[in-house]
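Here is the structure we will look at, set down as structure tokens.
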Amino acid sequence: MTILNIINGQGYIAKIESQSFVDGEGVRCSLYVSGCPFACLNCYNKAAQNFKYGEKFNDEILKEIIENCEPDYIEGLSILGGEPFCNLDITLKCAHAFRQRFGHEKTLWVWTGFLFEYLRNDQYQRNELLKNIDVLVDGPFIHHLYKPNLPYKGSLNQRVIDVQKSLASGRIHEYII
């Protein structure tokens, strides 16, 4: 099995932060899924590379996530990892529940080691998750391209993408920060 074939992880999450100030614009609820096959050197969340790290995801956790997004001061939901696109059993469920409850009143941000171009053309369900995302930070963390204080990303190769604009036009549109 290769990275490209892993679409559903083991059903674990590493943590939930009900109020994050660093995982996207504004105050956000952040969900960290467990399991990442990229294993980037000097990953900031190395423990979450393990597919069985943390606790098993369930409907109560999903309810908690949506409730955490309810307050007016919460701008939206951020999904990180681990690798969100290798945990579609969790992330698609969260994205659909988030959109059902909030529509586009609040934003959905996702971080991934995959490139947007691959996700857009993926024949599995990855492009279904992509269609629900407002902002995607794509590309693996590359240690020798690390630069401190980059907005919302860790290395120079990563891009902060306006997903809906990019999907509509067929070309990459960077998210204006």
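Each chain of the structure tokens is named A, B, ... in the order shown, its residues numbered from 1; ligands are numbered from 1 in display order.
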
Val135 of chain A environment, 8 Å, only C-alpha atoms, sequence neighbours closer than 3 positions dropped, as a list of chain:residue names:
A:Thr107, A:Leu108, A:Trp109, A:Val110, A:Val160, A:Ile161, A:Asp162, A:Val163, A:Tyr175

Keeping only N, CA and C atoms, write the selected residues as a PDB file, in the first residue's frame.
```pdb
ATOM      1  N   THR A 107     -15.716  29.562   7.968  1.00  0.00           N
ATOM      2  CA  THR A 107     -14.789  28.978   7.001  1.00  0.00           C
ATOM      3  C   THR A 107     -14.176  27.671   7.489  1.00  0.00           C
ATOM      4  N   LEU A 108     -13.817  26.854   6.504  1.00  0.00           N
ATOM      5  CA  LEU A 108     -13.156  25.579   6.750  1.00  0.00           C
ATOM      6  C   LEU A 108     -11.758  25.644   6.142  1.00  0.00           C
ATOM      7  N   TRP A 109     -10.745  25.494   7.007  1.00  0.00           N
ATOM      8  CA  TRP A 109      -9.345  25.477   6.592  1.00  0.00           C
ATOM      9  C   TRP A 109      -8.801  24.072   6.802  1.00  0.00           C
ATOM     10  N   VAL A 110      -7.956  23.606   5.873  1.00  0.00           N
ATOM     11  CA  VAL A 110      -7.344  22.275   5.990  1.00  0.00           C
ATOM     12  C   VAL A 110      -5.881  22.359   5.581  1.00  0.00           C
ATOM     13  N   VAL A 160      -0.855  28.679   0.430  1.00  0.00           N
ATOM     14  CA  VAL A 160      -2.129  28.958   1.091  1.00  0.00           C
ATOM     15  C   VAL A 160      -3.096  29.305  -0.048  1.00  0.00           C
ATOM     16  N   ILE A 161      -4.048  28.394  -0.301  1.00  0.00           N
ATOM     17  CA  ILE A 161      -4.852  28.440  -1.525  1.00  0.00           C
ATOM     18  C   ILE A 161      -6.313  28.758  -1.229  1.00  0.00           C
ATOM     19  N   ASP A 162      -6.877  29.669  -2.002  1.00  0.00           N
ATOM     20  CA  ASP A 162      -8.313  29.923  -2.009  1.00  0.00           C
ATOM     21  C   ASP A 162      -8.930  28.807  -2.858  1.00  0.00           C
ATOM     22  N   VAL A 163      -9.484  27.809  -2.212  1.00  0.00           N
ATOM     23  CA  VAL A 163      -9.923  26.593  -2.907  1.00  0.00           C
ATOM     24  C   VAL A 163     -11.084  26.867  -3.854  1.00  0.00           C
ATOM     25  N   TYR A 175      -4.525  32.418  -1.435  1.00  0.00           N
ATOM     26  CA  TYR A 175      -5.402  33.113  -0.502  1.00  0.00           C
ATOM     27  C   TYR A 175      -4.706  34.398  -0.077  1.00  0.00           C
TER      28      TYR A 175
END
```

What are the closest atom pairs, with distances in Å to one decimal, for all residues of segment 8-43 of chain A lying within 8 Å of segment 83-102 of chain A? Consider only C-alpha atoms, order rows by chain and residue number, and present the result as CSV.
```
residue,atom,partner,partner_atom,distance
A:Asn8,CA,A:Asn87,CA,4.4
A:Gly9,CA,A:Asn87,CA,4.6
A:Gln10,CA,A:Asn87,CA,7.7
A:Gly11,CA,A:Ile90,CA,6.6
A:Val33,CA,A:Pro84,CA,6.4
A:Ser34,CA,A:Glu83,CA,7.2
A:Gly35,CA,A:Glu83,CA,6.0
A:Cys36,CA,A:Glu83,CA,4.7
A:Pro37,CA,A:Glu83,CA,7.6
```

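Using only C-alpha atoms, the shortest contact distance between Asn45 of chain A and any of A:Ile66, A:Lys15, A:Pro151, A:Tyr118 is found at A:Lys15.
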
Taking only C-alpha atoms into account, name the residue in A:Pro71, A:Gln123, A:Ile172, A:Ile61 that is nearest to Asn5 of chain A.
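Of A:Pro71, A:Gln123, A:Ile172, A:Ile61, the one nearest Asn5 of chain A is A:Gln123, counting only C-alpha atoms.
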
What lies within 9 Å of Phe116 of chain A using only C-alpha atoms, ignoring chain neighbours under 2 positions off, as a ChimeraX atom specification?
/A:112,114,118-121,130,136-139,161,163,172

What's around Glu70 of chain A at 12 Å? Count only C-alpha atoms, leave out sequence neighbours fewer than 3 positions away in its own chain, and write the answer as a short mmCIF file (atom, residue, chain, number, x, y, z; two decimals) with N, CA and C atoms, in the first residue's frame.
```
data_model
loop_
_atom_site.label_atom_id
_atom_site.label_comp_id
_atom_site.auth_asym_id
_atom_site.auth_seq_id
_atom_site.Cartn_x
_atom_site.Cartn_y
_atom_site.Cartn_z
N SER A 18 -10.51 23.93 21.23
CA SER A 18 -11.77 24.65 21.07
C SER A 18 -11.56 26.11 20.66
N GLN A 19 -10.41 26.68 20.99
CA GLN A 19 -10.10 28.06 20.63
C GLN A 19 -8.63 28.16 20.23
N VAL A 27 -10.22 33.40 15.53
CA VAL A 27 -10.28 32.34 16.54
C VAL A 27 -11.02 31.18 15.91
N ARG A 28 -10.46 29.97 16.02
CA ARG A 28 -11.01 28.82 15.32
C ARG A 28 -11.05 27.60 16.24
N CYS A 29 -11.90 26.67 15.90
CA CYS A 29 -11.86 25.34 16.51
C CYS A 29 -10.94 24.51 15.61
N LYS A 63 -20.19 16.06 17.60
CA LYS A 63 -21.10 17.01 18.23
C LYS A 63 -20.32 18.10 18.98
N GLU A 64 -19.28 17.69 19.70
CA GLU A 64 -18.43 18.64 20.43
C GLU A 64 -17.76 19.63 19.48
N ILE A 65 -17.27 19.15 18.35
CA ILE A 65 -16.61 20.01 17.37
C ILE A 65 -17.59 21.06 16.84
N ILE A 66 -18.79 20.62 16.46
CA ILE A 66 -19.78 21.55 15.93
C ILE A 66 -20.19 22.56 17.00
N GLU A 67 -20.37 22.10 18.23
CA GLU A 67 -20.71 23.01 19.33
C GLU A 67 -19.59 24.02 19.58
N TYR A 73 -17.79 34.46 17.89
CA TYR A 73 -16.38 34.84 17.76
C TYR A 73 -15.52 33.74 17.12
N ILE A 74 -16.06 32.56 16.94
CA ILE A 74 -15.33 31.49 16.25
C ILE A 74 -15.52 31.66 14.75
N GLU A 75 -14.41 31.85 14.03
CA GLU A 75 -14.45 32.09 12.59
C GLU A 75 -14.74 30.83 11.78
N GLY A 76 -14.38 29.66 12.35
CA GLY A 76 -14.62 28.43 11.61
C GLY A 76 -13.83 27.27 12.17
N LEU A 77 -13.72 26.24 11.36
CA LEU A 77 -13.07 24.98 11.72
C LEU A 77 -11.80 24.82 10.92
N PHE A 98 -20.21 20.31 9.36
CA PHE A 98 -19.89 21.73 9.48
C PHE A 98 -20.68 22.54 8.46
N ARG A 101 -24.47 22.67 9.17
CA ARG A 101 -24.82 23.57 10.27
C ARG A 101 -24.56 25.04 9.94
N PHE A 102 -23.42 25.35 9.31
CA PHE A 102 -23.02 26.74 9.14
C PHE A 102 -23.06 27.23 7.69
N GLU A 105 -21.26 30.58 6.28
CA GLU A 105 -21.13 31.67 7.26
C GLU A 105 -19.76 31.63 7.94
N LYS A 106 -19.22 30.43 8.10
CA LYS A 106 -17.91 30.23 8.73
C LYS A 106 -17.03 29.46 7.75
#
```

Pick the closest to Ser155 of chain A from A:Gly82, A:Cys43, A:Ile142, A:His104: which is it, counting only C-alpha atoms?
A:Ile142

Mind pulling up the distance from atom CA of Leu80 of chain A to atom CA of Ile13 of chain A?
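Those two atoms sit 10.0 Å apart.
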
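Relative to atom CA of Gly113 of chain A, atom CA of His143 of chain A is found at 13.1 Å.
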
For Ser166 of chain A, which of A:Ile6, A:Glu117, A:Ala14, A:Glu25 is the closest residue, counting only C-alpha atoms?
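Looking at the shortest contact to Ser166 of chain A, the residue is A:Glu117.
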
Please return, as a list in words, all residues of segment 89-137 of chain A that DSSP assigns to strand (DSSP E or B) on the basis of the backbone.
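Selection result, strand (DSSP E or B) within segment 89-137 of chain A: Thr107, Leu108, Trp109, Val110, Trp111, Val135, Leu136 and Val137 of chain A.
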
What parts of segment 6-177 of chain A does DSSP call alpha helix (DSSP H)? I'd like the answer as a PyMOL selection string.
chain A and resi 59-69+88-102+116-121+126-130+163-169

Of A:Ala47, A:Cys40, A:Leu62, A:Ile79, the one nearest to Ile133 of chain A when counting only C-alpha atoms is A:Ile79

Could you please determine the separation between atom CA of Tyr152 of chain A and atom CA of Trp111 of chain A in Å, to one decimal place?
9.1 Å
